[in-house]
$ cat protein27.txt   # compact mmCIF, C-alpha atoms and all ligand atoms
# COMPACT_ATOMS: atom_id res chain seq x y z
CA MET A 111 90.42 125.83 111.88
CA PRO A 112 92.26 124.18 109.00
CA TYR A 113 95.21 121.96 109.76
CA PRO A 114 98.48 123.95 109.50
CA ASP A 115 100.22 123.95 106.11
CA SER A 116 97.70 121.39 104.92
CA THR A 117 96.70 119.79 101.62
CA LEU A 118 93.32 118.18 101.06
CA ILE A 119 93.23 115.45 98.42
CA THR A 120 89.60 114.83 97.63
CA ASN A 121 87.35 113.13 95.07
CA ILE A 122 89.28 109.88 95.66
CA ALA A 123 87.32 106.91 94.26
CA GLU A 124 89.23 104.47 96.48
CA LEU A 125 91.60 105.41 99.30
CA VAL A 126 93.66 102.41 100.41
CA THR A 127 94.51 103.05 104.06
CA ASN A 128 95.58 99.59 105.31
CA GLU A 129 94.54 100.67 108.78
CA PRO A 130 94.83 97.66 111.09
CA ASP A 131 91.59 96.22 112.44
CA PRO A 132 90.89 96.59 116.19
CA SER A 133 92.79 93.35 116.91
CA GLY A 134 95.88 95.00 115.43
CA ARG A 135 96.12 92.40 112.69
CA GLY A 136 97.11 93.92 109.39
CA SER A 137 94.97 93.56 106.32
CA PHE A 138 93.87 95.55 103.31
CA ALA A 139 91.48 98.37 104.14
CA ALA A 140 90.03 101.09 101.90
CA ILE A 141 87.50 103.93 101.93
CA VAL A 142 85.41 104.70 98.82
CA ASP A 143 84.48 108.28 97.81
CA ALA A 144 87.18 109.45 100.17
CA ALA A 145 89.40 112.37 101.04
CA LEU A 146 92.68 112.71 102.89
CA VAL A 147 94.39 115.65 104.58
CA VAL A 148 98.18 115.96 104.75
CA SER A 149 99.72 118.29 107.33
CA GLY A 150 103.31 118.58 108.45
CA GLY A 151 104.36 115.71 106.17
CA LYS A 152 101.93 113.29 107.81
CA VAL A 153 98.41 112.03 107.30
CA ALA A 154 96.20 114.26 109.46
CA TRP A 155 92.71 113.07 108.49
CA THR A 156 91.01 110.43 106.31
CA GLY A 157 87.34 109.81 105.68
CA ALA A 158 84.37 110.39 103.40
CA ALA A 159 84.91 113.18 100.89
CA ALA A 160 81.56 114.70 101.90
CA ARG A 161 82.86 115.28 105.42
CA ALA A 162 86.34 116.53 104.54
CA PRO A 163 87.65 119.48 106.57
CA ALA A 164 89.03 122.67 105.03
CA ALA A 165 92.71 122.86 104.08
CA ASP A 166 95.19 125.38 102.70
CA GLN A 167 95.57 123.62 99.35
CA LEU A 168 93.27 121.39 97.34
CA VAL A 169 94.11 118.49 95.03
CA ASP A 170 91.26 116.96 93.02
CA ALA A 171 92.00 113.26 92.50
CA GLY A 172 89.37 113.19 89.77
CA GLY A 173 87.79 109.88 90.76
CA ARG A 174 91.07 108.04 90.86
CA ALA A 175 92.63 105.78 93.53
CA VAL A 176 95.15 106.81 96.20
CA LEU A 177 97.36 104.18 97.85
CA PRO A 178 100.24 104.16 100.32
CA GLY A 179 103.58 104.36 98.51
CA PHE A 180 105.11 100.96 97.85
CA VAL A 181 107.69 99.65 100.33
CA ASP A 182 110.30 97.67 98.40
CA SER A 183 112.04 95.77 101.21
CA HIS A 184 114.58 93.86 99.10
CA ALA A 185 116.81 95.38 96.42
CA HIS A 186 120.44 95.23 95.29
CA LEU A 187 121.09 98.57 93.62
CA VAL A 188 124.83 99.12 94.17
CA PHE A 189 126.50 97.46 91.20
CA ALA A 190 128.07 98.08 87.82
CA GLY A 191 127.59 96.30 84.52
CA GLU A 192 124.66 94.25 83.29
CA ARG A 193 123.94 90.62 82.45
CA SER A 194 121.44 90.65 79.61
CA ALA A 195 123.40 88.00 77.70
CA GLU A 196 123.19 85.67 80.71
CA PHE A 197 119.43 86.32 80.88
CA ALA A 198 118.99 85.61 77.19
CA ALA A 199 121.00 82.38 77.49
CA ARG A 200 118.93 81.31 80.48
CA MET A 201 115.71 81.96 78.58
CA ALA A 202 117.19 79.76 75.85
CA GLY A 203 117.46 76.90 78.33
CA ARG A 204 120.47 77.24 80.62
CA PRO A 205 119.74 77.06 84.42
CA TYR A 206 120.41 79.88 86.92
CA GLN A 207 123.42 79.33 89.19
CA ALA A 208 124.39 81.49 92.17
CA GLY A 209 127.92 81.90 90.70
CA GLY A 210 126.65 84.43 88.14
CA ILE A 211 126.90 86.98 90.95
CA LEU A 212 130.69 86.97 90.51
CA THR A 213 130.35 88.59 87.09
CA THR A 214 128.77 91.60 88.77
CA VAL A 215 131.32 91.52 91.61
CA ALA A 216 134.15 91.94 89.11
CA ALA A 217 132.40 94.84 87.33
CA THR A 218 131.51 96.53 90.62
CA ARG A 219 135.02 96.35 92.04
CA ALA A 220 136.38 97.89 88.84
CA ALA A 221 133.85 100.75 88.79
CA THR A 222 134.43 104.27 90.07
CA ASP A 223 132.31 105.75 92.85
CA SER A 224 130.64 108.06 90.35
CA THR A 225 129.68 105.17 88.06
CA LEU A 226 128.14 103.25 90.98
CA ARG A 227 126.40 106.38 92.28
CA ALA A 228 124.92 107.22 88.88
CA ASN A 229 123.56 103.69 88.43
CA LEU A 230 122.15 103.64 91.97
CA ARG A 231 120.43 107.00 91.56
CA ARG A 232 119.00 106.05 88.17
CA LEU A 233 117.43 102.91 89.66
CA ALA A 234 116.18 104.69 92.80
CA GLY A 235 114.60 107.36 90.58
CA GLU A 236 113.02 104.68 88.42
CA MET A 237 111.53 103.13 91.57
CA LEU A 238 110.18 106.45 92.80
CA ARG A 239 108.42 107.19 89.52
CA GLN A 240 106.76 103.76 89.77
CA GLY A 241 105.46 104.53 93.25
CA THR A 242 108.13 103.14 95.58
CA THR A 243 108.54 105.61 98.44
CA THR A 244 110.62 103.39 100.76
CA LEU A 245 113.35 101.11 99.50
CA GLU A 246 115.87 98.79 101.09
CA CYS A 247 119.31 98.54 99.48
CA LYS A 248 122.00 95.93 100.03
CA SER A 249 125.73 95.78 99.49
CA GLY A 250 127.07 92.41 98.34
CA TYR A 251 128.83 93.03 95.03
CA GLY A 252 132.07 94.30 96.59
CA LEU A 253 133.08 91.43 98.90
CA THR A 254 136.23 93.16 100.12
CA VAL A 255 136.39 95.34 103.23
CA ALA A 256 136.76 98.54 101.21
CA ASP A 257 134.26 97.62 98.48
CA GLU A 258 131.53 96.54 100.89
CA GLN A 259 131.98 99.68 102.96
CA ARG A 260 131.84 101.78 99.79
CA GLY A 261 128.62 100.05 98.70
CA LEU A 262 126.92 100.78 102.02
CA MET A 263 128.01 104.41 102.09
CA LEU A 264 126.59 104.88 98.59
CA ALA A 265 123.33 103.09 99.51
CA ALA A 266 122.93 105.39 102.52
CA GLU A 267 122.78 108.33 100.09
CA VAL A 268 119.38 107.11 98.85
CA THR A 269 117.80 105.28 101.82
CA PRO A 270 118.10 104.71 105.58
CA GLU A 271 117.28 101.01 105.02
CA VAL A 272 120.83 99.87 104.28
CA THR A 273 121.81 96.20 104.50
CA TYR A 274 125.29 94.72 104.89
CA LEU A 275 125.44 91.65 102.60
CA GLY A 276 129.14 90.78 102.72
CA ALA A 277 127.92 87.15 102.84
CA HIS A 278 126.34 87.25 99.39
CA VAL A 279 128.70 84.71 97.80
CA VAL A 280 132.29 83.57 98.47
CA PRO A 281 134.57 85.70 96.28
CA PRO A 282 137.11 84.02 93.96
CA GLU A 283 140.12 84.89 96.12
CA PHE A 284 138.57 82.76 98.91
CA ALA A 285 137.59 79.82 96.64
CA GLY A 286 137.72 76.66 98.75
CA ASP A 287 138.06 78.65 101.98
CA VAL A 288 134.53 79.50 103.09
CA THR A 289 135.64 79.56 106.72
CA GLY A 290 138.33 82.13 105.98
CA TYR A 291 135.85 84.34 104.16
CA VAL A 292 133.22 84.06 106.93
CA ASP A 293 135.92 85.13 109.40
CA LEU A 294 136.53 88.24 107.28
CA VAL A 295 132.78 88.96 106.99
CA CYS A 296 132.35 88.61 110.77
CA GLY A 297 135.56 90.47 111.61
CA PRO A 298 137.28 93.36 109.82
CA MET A 299 134.60 93.70 107.13
CA LEU A 300 131.83 93.94 109.73
CA ASP A 301 133.84 96.48 111.74
CA ALA A 302 134.13 98.67 108.64
CA CYS A 303 130.52 98.18 107.53
CA ALA A 304 128.37 98.17 110.68
CA PRO A 305 128.47 101.96 111.19
CA HIS A 306 126.93 102.43 107.73
CA ALA A 307 124.12 99.84 107.89
CA ARG A 308 120.91 99.02 109.76
CA TRP A 309 120.59 95.39 108.67
CA VAL A 310 122.77 92.30 108.15
CA ASP A 311 121.85 89.71 105.51
CA VAL A 312 123.24 86.38 104.31
CA PHE A 313 122.56 84.25 101.22
CA CYS A 314 121.84 80.89 102.92
CA GLU A 315 121.81 78.43 100.02
CA ASP A 316 123.87 75.60 98.50
CA GLY A 317 126.65 77.30 96.55
CA ALA A 318 126.65 80.27 98.96
CA PHE A 319 126.56 79.87 102.78
CA GLY A 320 125.35 76.91 104.90
CA ALA A 321 123.35 77.00 108.13
CA ASP A 322 126.30 77.27 110.53
CA GLU A 323 128.05 79.92 108.44
CA ALA A 324 124.85 81.93 108.04
CA ALA A 325 124.15 81.75 111.78
CA ALA A 326 127.68 82.97 112.52
CA VAL A 327 127.29 85.96 110.15
CA LEU A 328 123.94 86.93 111.66
CA ALA A 329 125.19 86.55 115.25
CA ALA A 330 128.20 88.73 114.53
CA GLY A 331 125.97 91.32 112.86
CA ARG A 332 123.62 91.37 115.84
CA ALA A 333 126.55 91.83 118.20
CA ALA A 334 127.51 94.88 116.11
CA GLY A 335 123.99 96.33 116.43
CA LEU A 336 122.53 95.19 113.10
CA VAL A 337 119.20 93.42 112.70
CA PRO A 338 119.19 90.18 110.65
CA ARG A 339 117.33 89.37 107.45
CA VAL A 340 118.06 86.29 105.31
CA HIS A 341 118.02 85.14 101.69
CA ALA A 342 116.31 81.81 102.39
CA ASN A 343 115.03 78.79 100.48
CA GLN A 344 115.29 80.30 96.99
CA LEU A 345 116.73 77.50 94.91
CA ALA A 346 115.88 74.42 96.99
CA PRO A 347 114.58 73.44 100.44
CA GLY A 348 117.16 74.31 103.07
CA PRO A 349 117.83 75.72 106.52
CA GLY A 350 117.39 79.43 105.68
CA VAL A 351 113.96 80.00 107.26
CA ARG A 352 114.95 78.17 110.45
CA VAL A 353 118.24 80.09 110.65
CA ALA A 354 116.32 83.37 110.16
CA ALA A 355 113.94 82.60 113.02
CA GLU A 356 116.71 81.49 115.35
CA ALA A 357 118.58 84.74 114.67
CA GLY A 358 115.51 86.88 115.34
CA ALA A 359 115.42 88.07 111.72
CA ALA A 360 112.85 90.59 110.55
CA SER A 361 112.34 88.75 107.28
CA ALA A 362 113.09 85.55 105.37
CA ASP A 363 113.30 86.45 101.71
CA HIS A 364 112.42 84.31 98.66
CA CYS A 365 110.69 81.41 100.53
CA THR A 366 110.25 79.58 97.23
CA PHE A 367 110.85 76.04 98.55
CA LEU A 368 109.26 75.58 101.99
CA THR A 369 108.59 72.48 104.10
CA ASP A 370 105.67 72.18 106.52
CA ALA A 371 108.18 72.88 109.31
CA ASP A 372 109.20 76.14 107.57
CA ILE A 373 105.54 77.18 107.35
CA ASP A 374 105.18 76.47 111.08
CA VAL A 375 108.21 78.68 111.76
CA LEU A 376 106.79 81.52 109.66
CA THR A 377 103.40 81.39 111.40
CA SER A 378 104.73 81.03 114.96
CA THR A 379 107.44 83.74 114.90
CA PRO A 380 107.47 87.41 113.84
CA VAL A 381 109.58 86.59 110.74
CA VAL A 382 107.93 88.08 107.64
CA ALA A 383 107.90 85.89 104.52
CA THR A 384 109.09 88.20 101.74
CA LEU A 385 108.26 86.89 98.27
CA LEU A 386 110.25 88.06 95.25
CA PRO A 387 108.34 86.93 92.15
CA GLY A 388 110.61 88.92 89.85
CA ALA A 389 113.33 86.38 90.63
CA GLU A 390 111.14 83.45 89.65
CA PHE A 391 110.09 85.32 86.51
CA GLY A 392 113.70 86.12 85.60
CA THR A 393 114.98 82.61 86.27
CA ARG A 394 111.89 80.72 85.08
CA GLN A 395 111.59 78.92 88.42
CA PRO A 396 108.33 77.87 90.09
CA PHE A 397 106.72 80.76 91.98
CA PRO A 398 106.51 80.55 95.79
CA ASP A 399 103.27 79.13 97.17
CA ALA A 400 101.83 82.36 98.52
CA ARG A 401 98.40 80.83 99.16
CA ARG A 402 99.88 78.21 101.48
CA LEU A 403 101.64 80.95 103.48
CA LEU A 404 98.62 83.26 103.60
CA ASP A 405 96.14 80.51 104.42
CA ALA A 406 98.42 79.36 107.26
CA GLY A 407 98.46 82.91 108.66
CA ALA A 408 102.00 84.04 107.77
CA THR A 409 102.74 87.74 107.22
CA VAL A 410 103.69 88.11 103.54
CA ALA A 411 105.61 90.95 101.88
CA LEU A 412 106.30 91.49 98.18
CA ALA A 413 109.54 93.08 96.92
CA THR A 414 111.40 93.39 93.62
CA ASP A 415 114.82 91.84 94.46
CA CYS A 416 116.03 94.36 91.86
CA ASN A 417 119.49 93.14 90.77
CA PRO A 418 121.25 92.73 87.43
CA GLY A 419 121.30 88.90 87.51
CA SER A 420 118.07 87.19 88.54
CA SER A 421 115.50 90.02 88.69
CA PHE A 422 116.29 93.23 86.87
CA THR A 423 112.94 94.90 87.53
CA SER A 424 112.41 97.94 89.75
CA SER A 425 108.63 97.74 89.38
CA MET A 426 106.42 96.94 92.36
CA PRO A 427 103.33 97.07 90.09
CA PHE A 428 104.89 94.28 88.00
CA CYS A 429 105.46 92.20 91.15
CA ILE A 430 101.85 92.80 92.24
CA ALA A 431 100.62 91.61 88.85
CA LEU A 432 102.76 88.44 89.07
CA ALA A 433 101.57 87.80 92.63
CA VAL A 434 97.94 88.05 91.58
CA ARG A 435 98.16 86.16 88.30
CA ASP A 436 100.77 83.51 89.09
CA MET A 437 100.75 83.23 92.90
CA ARG A 438 96.99 83.43 93.38
CA MET A 439 97.10 86.30 95.81
CA THR A 440 93.97 88.47 95.75
CA THR A 441 94.47 92.02 94.49
CA GLN A 442 93.94 93.21 98.08
CA GLU A 443 96.51 90.77 99.50
CA ALA A 444 99.09 91.72 96.88
CA VAL A 445 98.70 95.47 97.44
CA TRP A 446 98.85 94.99 101.22
CA ALA A 447 102.02 92.85 100.85
CA ALA A 448 103.65 95.50 98.62
CA THR A 449 102.92 98.30 101.12
CA ALA A 450 102.18 97.29 104.73
CA GLY A 451 103.87 93.90 104.27
CA GLY A 452 107.09 95.57 103.15
CA ALA A 453 106.85 97.95 106.10
CA ALA A 454 106.52 94.96 108.46
CA ALA A 455 109.58 93.36 106.83
CA LEU A 456 111.49 96.58 107.59
CA ARG A 457 109.90 96.96 111.04
CA ARG A 458 108.56 100.36 110.06
CA ALA A 459 105.27 101.51 111.62
CA ASP A 460 105.30 104.92 109.87
CA VAL A 461 104.97 103.72 106.26
CA GLY A 462 102.92 101.18 104.27
CA HIS A 463 99.59 102.56 105.52
CA LEU A 464 97.69 105.86 105.48
CA GLY A 465 96.29 105.93 108.98
CA VAL A 466 96.34 109.26 110.84
CA GLY A 467 99.93 109.94 111.90
CA ALA A 468 101.52 107.89 109.10
CA ARG A 469 104.18 109.49 106.91
CA ALA A 470 102.36 111.05 103.95
CA ASP A 471 103.98 108.71 101.40
CA LEU A 472 101.26 108.13 98.84
CA ILE A 473 100.59 107.52 95.19
CA LEU A 474 97.80 108.59 92.86
CA LEU A 475 96.89 105.93 90.28
CA ASP A 476 95.45 106.85 86.90
CA ALA A 477 92.73 104.30 87.65
CA PRO A 478 89.70 104.07 89.95
CA SER A 479 90.91 101.15 92.09
CA HIS A 480 93.98 99.27 93.32
CA ALA A 481 92.92 96.23 91.26
CA TYR A 482 94.08 97.99 88.08
CA LEU A 483 97.70 97.37 89.15
CA ALA A 484 97.19 93.69 88.23
CA TYR A 485 94.28 94.18 85.80
CA ARG A 486 96.42 96.36 83.49
CA PRO A 487 99.90 94.80 83.82
CA GLY A 488 102.81 96.61 82.25
CA VAL A 489 100.92 99.89 81.93
CA PRO A 490 102.35 102.93 83.73
CA GLN A 491 99.49 104.04 85.98
CA VAL A 492 101.31 105.83 88.82
CA THR A 493 100.45 109.46 88.05
CA ALA A 494 101.85 111.27 91.09
CA VAL A 495 103.99 110.31 94.08
CA TRP A 496 104.25 112.21 97.39
CA GLN A 497 106.95 111.59 99.99
CA ALA A 498 106.36 113.02 103.46
CA GLY A 499 103.64 115.18 101.91
CA ARG A 500 105.87 116.64 99.20
CA LEU A 501 105.20 115.94 95.52
CA ALA A 502 108.26 113.86 94.53
CA ALA A 503 107.34 112.57 91.06
CA GLY A 504 104.66 113.07 88.44
CA SER A 505 101.72 115.44 88.65
CA PRO A 506 98.20 115.07 90.08
CA LEU A 507 96.70 116.96 87.10
ZN ZN B 1 118.31 89.34 96.90
$ encode --input "protein27.txt" --output "structure tokens"
Amino acid sequence: MPYPDSTLITNIAELVTNEPDPSGRGSFAAIVDAALVVSGGKVAWTGAAARAPAADQLVDAGGRAVLPGFVDSHAHLVFAGERSAEFAARMAGRPYQAGGILTTVAATRAATDSTLRANLRRLAGEMLRQGTTTLECKSGYGLTVADEQRGLMLAAEVTPEVTYLGAHVVPPEFAGDVTGYVDLVCGPMLDACAPHARWVDVFCEDGAFGADEAAAVLAAGRAAGLVPRVHANQLAPGPGVRVAAEAGAASADHCTFLTDADIDVLTSTPVVATLLPGAEFGTRQPFPDARRLLDAGATVALATDCNPGSSFTSSMPFCIALAVRDMRMTTQEAVWAATAGGAAALRRADVGHLGVGARADLILLDAPSHAYLAYRPGVPQVTAVWQAGRLAAGSPL
């Protein structure tokens, strides 16, 4: 008996499943000469192509690779305007400063809903066509009660993984009054935003929010039912990773400047270390030491940090290539971090892998193996994208 309403994808040269080993520890896993059956929007069967069961529909992968869709667990897509001149100036020698965010805040506040929605949908579509089937999206360019709430409501139109980032930077009207702004973020702004978000985030960095302020924002968010995640240790060593662990955060993001104590925190707690190499690329900063984290046993995710200031890429394949070339991750580690790692950072068990029962979010590469994502950087190789078993972009032909 075939599986109901089923599709068999066969003649797959390499099927990346990321099925956990018997100990439950996550790592890259793949089947060669494989097939996969989708039924009811989920993975129903995986195994050797020679043993594949019958199905209602057949897709011939033509000796190409199938992977789980990418899980981009860190993106800022609700904004207006662009900052290419700032990027060009920085490439000509000027350093990145957190205050550049305020340029985007001003443009975002001035924008209409339809302008913000059009930009958001364009970027989300761009991500989908490049293989991202789950994305996280933050507010953080409104910084008023109404503008933050608006950002979250728009983000919720494209993803359930919505993050309240009222504590992105102190807006100009609160210059010199960080305490007053934190009170707003933890009070009326949180009340307006919490119903529209799953996560709460804070930019814990010199020039943004210190340890005590960050802890207060995360505690208030938790009390309102949100789960913490933190922008931590991007520009210099600091308290971000420790604050994330103490708040029970799902993820500490950036992790560019870590002490031995930070590494201990990331290996002894469930906090995922989310690395955002697009930000180091776009600001010409040193890349995070992924090898140190991986060799110590930390769980590592890769994400784009897509935003108009420091990392205006929506491409997970680009981040994988950077991670392999410049952060010395193996091709297997980088692909795992961009799929199952991102799922761990979002505490999602249904995506990031293609084990039986997983959501059928998958991509067909125009290449025989996952390694081509780094081996052929900058080349569009994502041929077809399925979400919950439905063809959402491209074509398998
Ligand atoms: Zn960010």
$ closest_atom_pairs --input "protein27.txt" --of "chain A" --to "ligand ZN 1 (chain B)" --cutoff "9 Å" --atoms "all atoms listed in the file" --output "Markdown table"
| residue | atom | partner | partner_atom | distance |
| --- | --- | --- | --- | --- |
| A:His184 | CA | B:ZN1 | ZN | 6.3 |
| A:Ala185 | CA | B:ZN1 | ZN | 6.2 |
| A:His186 | CA | B:ZN1 | ZN | 6.5 |
| A:Lys248 | CA | B:ZN1 | ZN | 8.2 |
| A:His278 | CA | B:ZN1 | ZN | 8.7 |
| A:Phe313 | CA | B:ZN1 | ZN | 7.9 |
| A:Val340 | CA | B:ZN1 | ZN | 8.9 |
| A:His341 | CA | B:ZN1 | ZN | 6.4 |
| A:Asp363 | CA | B:ZN1 | ZN | 7.5 |
| A:His364 | CA | B:ZN1 | ZN | 7.9 |
| A:Leu386 | CA | B:ZN1 | ZN | 8.3 |
| A:Ala389 | CA | B:ZN1 | ZN | 8.5 |
| A:Thr414 | CA | B:ZN1 | ZN | 8.7 |
| A:Asp415 | CA | B:ZN1 | ZN | 4.9 |
| A:Cys416 | CA | B:ZN1 | ZN | 7.5 |
| A:Asn417 | CA | B:ZN1 | ZN | 7.3 |
| A:Ser420 | CA | B:ZN1 | ZN | 8.6 |
| A:Ser421 | CA | B:ZN1 | ZN | 8.7 |
$ residues_around --input "protein27.txt" --residues "Leu253 of chain A" --least-positions-apart "6" --cutoff "12 Å" --atoms "all atoms listed in the file" --output "MDAnalysis selection string"
chainID A and resid 189 211:212 214:216 218:219 259:262 274:284 291:292 294:295 298:300 303
$ write_last_selection --input "protein27.txt" --atoms "C-alpha atoms" --output "mmCIF file, in the frame of the given file"
data_model
loop_
_atom_site.group_PDB
_atom_site.id
_atom_site.type_symbol
_atom_site.label_atom_id
_atom_site.label_comp_id
_atom_site.auth_asym_id
_atom_site.auth_seq_id
_atom_site.Cartn_x
_atom_site.Cartn_y
_atom_site.Cartn_z
ATOM 1 C CA PHE A 189 126.500 97.460 91.200
ATOM 2 C CA ILE A 211 126.900 86.980 90.950
ATOM 3 C CA LEU A 212 130.690 86.970 90.510
ATOM 4 C CA THR A 214 128.770 91.600 88.770
ATOM 5 C CA VAL A 215 131.320 91.520 91.610
ATOM 6 C CA ALA A 216 134.150 91.940 89.110
ATOM 7 C CA THR A 218 131.510 96.530 90.620
ATOM 8 C CA ARG A 219 135.020 96.350 92.040
ATOM 9 C CA GLN A 259 131.980 99.680 102.960
ATOM 10 C CA ARG A 260 131.840 101.780 99.790
ATOM 11 C CA GLY A 261 128.620 100.050 98.700
ATOM 12 C CA LEU A 262 126.920 100.780 102.020
ATOM 13 C CA TYR A 274 125.290 94.720 104.890
ATOM 14 C CA LEU A 275 125.440 91.650 102.600
ATOM 15 C CA GLY A 276 129.140 90.780 102.720
ATOM 16 C CA ALA A 277 127.920 87.150 102.840
ATOM 17 C CA HIS A 278 126.340 87.250 99.390
ATOM 18 C CA VAL A 279 128.700 84.710 97.800
ATOM 19 C CA VAL A 280 132.290 83.570 98.470
ATOM 20 C CA PRO A 281 134.570 85.700 96.280
ATOM 21 C CA PRO A 282 137.110 84.020 93.960
ATOM 22 C CA GLU A 283 140.120 84.890 96.120
ATOM 23 C CA PHE A 284 138.570 82.760 98.910
ATOM 24 C CA TYR A 291 135.850 84.340 104.160
ATOM 25 C CA VAL A 292 133.220 84.060 106.930
ATOM 26 C CA LEU A 294 136.530 88.240 107.280
ATOM 27 C CA VAL A 295 132.780 88.960 106.990
ATOM 28 C CA PRO A 298 137.280 93.360 109.820
ATOM 29 C CA MET A 299 134.600 93.700 107.130
ATOM 30 C CA LEU A 300 131.830 93.940 109.730
ATOM 31 C CA CYS A 303 130.520 98.180 107.530
#
$ residues_near_point --input "protein27.txt" --point "(119.3, 92.0, 104.4)" --cutoff "6 Å" --atoms "only C-alpha atoms" --output "PyMOL selection string"
chain A and resi 273+309-311+339-340
$ write_last_selection --input "protein27.txt" --atoms "C-alpha atoms" --output "compact mmCIF listing (two decimals), in the coordinates of the input"
# COMPACT_ATOMS: atom_id res chain seq x y z
CA THR A 273 121.81 96.20 104.50
CA TRP A 309 120.59 95.39 108.67
CA VAL A 310 122.77 92.30 108.15
CA ASP A 311 121.85 89.71 105.51
CA ARG A 339 117.33 89.37 107.45
CA VAL A 340 118.06 86.29 105.31
$ atom_distance --input "protein27.txt" --atom1 "atom CA of Gln395 of chain A" --atom2 "atom CA of Gln240 of chain A"
25.3 Å
$ atom_distance --input "protein27.txt" --atom1 "atom CA of Pro163 of chain A" --atom2 "atom CA of Ala498 of chain A"
20.0 Å
$ residues_near_point --input "protein27.txt" --point "(120.0, 101.7, 94.3)" --cutoff "12 Å" --atoms "only C-alpha atoms" --output "MDAnalysis selection string"
chainID A and resid 182 184:190 226:238 244:249 261:273 414:418 422:424
$ atom_distance --input "protein27.txt" --atom1 "atom CA of Ile430 of chain A" --atom2 "atom CA of Phe391 of chain A"
12.5 Å
$ closest_residue --input "protein27.txt" --among "A:Gly465, A:Asp405, A:Glu390, A:Gly210" --to "Leu146 of chain A" --atoms "only C-alpha atoms"
A:Gly465
$ closest_residue --input "protein27.txt" --among "A:Leu345, A:Val381, A:Ala400, A:Ala175" --to "Gly358 of chain A" --atoms "all atoms listed in the file"
A:Val381
$ closest_residue --input "protein27.txt" --among "A:Val410, A:Leu336, A:Ala329, A:Ala502" --to "His306 of chain A" --atoms "all atoms listed in the file"
A:Leu336
$ closest_residue --input "protein27.txt" --among "A:Phe367, A:Cys314, A:Ala285, A:Val382" --to "Ser183 of chain A" --atoms "only C-alpha atoms"
A:Val382
$ closest_residue --input "protein27.txt" --among "A:Ala165, A:Arg486, A:Thr449, A:Leu474" --to "Gly462 of chain A" --atoms "only C-alpha atoms"
A:Thr449
$ closest_residue --input "protein27.txt" --among "A:Met439, A:Ala171, A:Val148, A:Leu125" --to "Ala494 of chain A" --atoms "all atoms listed in the file"
A:Ala171
$ decode --input "protein27.txt" --residues "segment 289-298 of chain A" --atoms "N, CA, C and O atoms" --output "PDB file, in the first residue's frame"
ATOM      1  N   THR A 289      18.205  54.062  31.429  1.00  0.00           N
ATOM      2  CA  THR A 289      17.277  53.499  32.417  1.00  0.00           C
ATOM      3  C   THR A 289      15.826  53.781  32.019  1.00  0.00           C
ATOM      4  O   THR A 289      14.965  52.899  32.101  1.00  0.00           O
ATOM      5  N   GLY A 290      15.574  55.008  31.592  1.00  0.00           N
ATOM      6  CA  GLY A 290      14.225  55.369  31.174  1.00  0.00           C
ATOM      7  C   GLY A 290      13.771  54.543  29.985  1.00  0.00           C
ATOM      8  O   GLY A 290      12.617  54.095  29.918  1.00  0.00           O
ATOM      9  N   TYR A 291      14.694  54.295  29.040  1.00  0.00           N
ATOM     10  CA  TYR A 291      14.315  53.502  27.873  1.00  0.00           C
ATOM     11  C   TYR A 291      14.092  52.028  28.247  1.00  0.00           C
ATOM     12  O   TYR A 291      13.141  51.399  27.779  1.00  0.00           O
ATOM     13  N   VAL A 292      14.939  51.491  29.124  1.00  0.00           N
ATOM     14  CA  VAL A 292      14.760  50.093  29.556  1.00  0.00           C
ATOM     15  C   VAL A 292      13.417  49.944  30.272  1.00  0.00           C
ATOM     16  O   VAL A 292      12.719  48.933  30.098  1.00  0.00           O
ATOM     17  N   ASP A 293      13.034  50.953  31.041  1.00  0.00           N
ATOM     18  CA  ASP A 293      11.715  50.906  31.696  1.00  0.00           C
ATOM     19  C   ASP A 293      10.587  50.825  30.655  1.00  0.00           C
ATOM     20  O   ASP A 293       9.602  50.103  30.851  1.00  0.00           O
ATOM     21  N   LEU A 294      10.734  51.565  29.569  1.00  0.00           N
ATOM     22  CA  LEU A 294       9.725  51.509  28.501  1.00  0.00           C
ATOM     23  C   LEU A 294       9.701  50.116  27.845  1.00  0.00           C
ATOM     24  O   LEU A 294       8.641  49.516  27.645  1.00  0.00           O
ATOM     25  N   VAL A 295      10.923  49.605  27.543  1.00  0.00           N
ATOM     26  CA  VAL A 295      11.043  48.295  26.884  1.00  0.00           C
ATOM     27  C   VAL A 295      10.439  47.190  27.749  1.00  0.00           C
ATOM     28  O   VAL A 295       9.830  46.245  27.234  1.00  0.00           O
ATOM     29  N   CYS A 296      10.624  47.313  29.072  1.00  0.00           N
ATOM     30  CA  CYS A 296      10.135  46.277  30.003  1.00  0.00           C
ATOM     31  C   CYS A 296       8.693  46.530  30.445  1.00  0.00           C
ATOM     32  O   CYS A 296       8.105  45.684  31.123  1.00  0.00           O
ATOM     33  N   GLY A 297       8.141  47.679  30.072  1.00  0.00           N
ATOM     34  CA  GLY A 297       6.807  48.051  30.538  1.00  0.00           C
ATOM     35  C   GLY A 297       5.813  48.137  29.399  1.00  0.00           C
ATOM     36  O   GLY A 297       5.407  47.116  28.826  1.00  0.00           O
ATOM     37  N   PRO A 298       5.406  49.352  29.042  1.00  0.00           N
ATOM     38  CA  PRO A 298       4.345  49.494  28.030  1.00  0.00           C
ATOM     39  C   PRO A 298       4.695  48.884  26.672  1.00  0.00           C
ATOM     40  O   PRO A 298       3.815  48.332  25.992  1.00  0.00           O
TER      41      PRO A 298
END
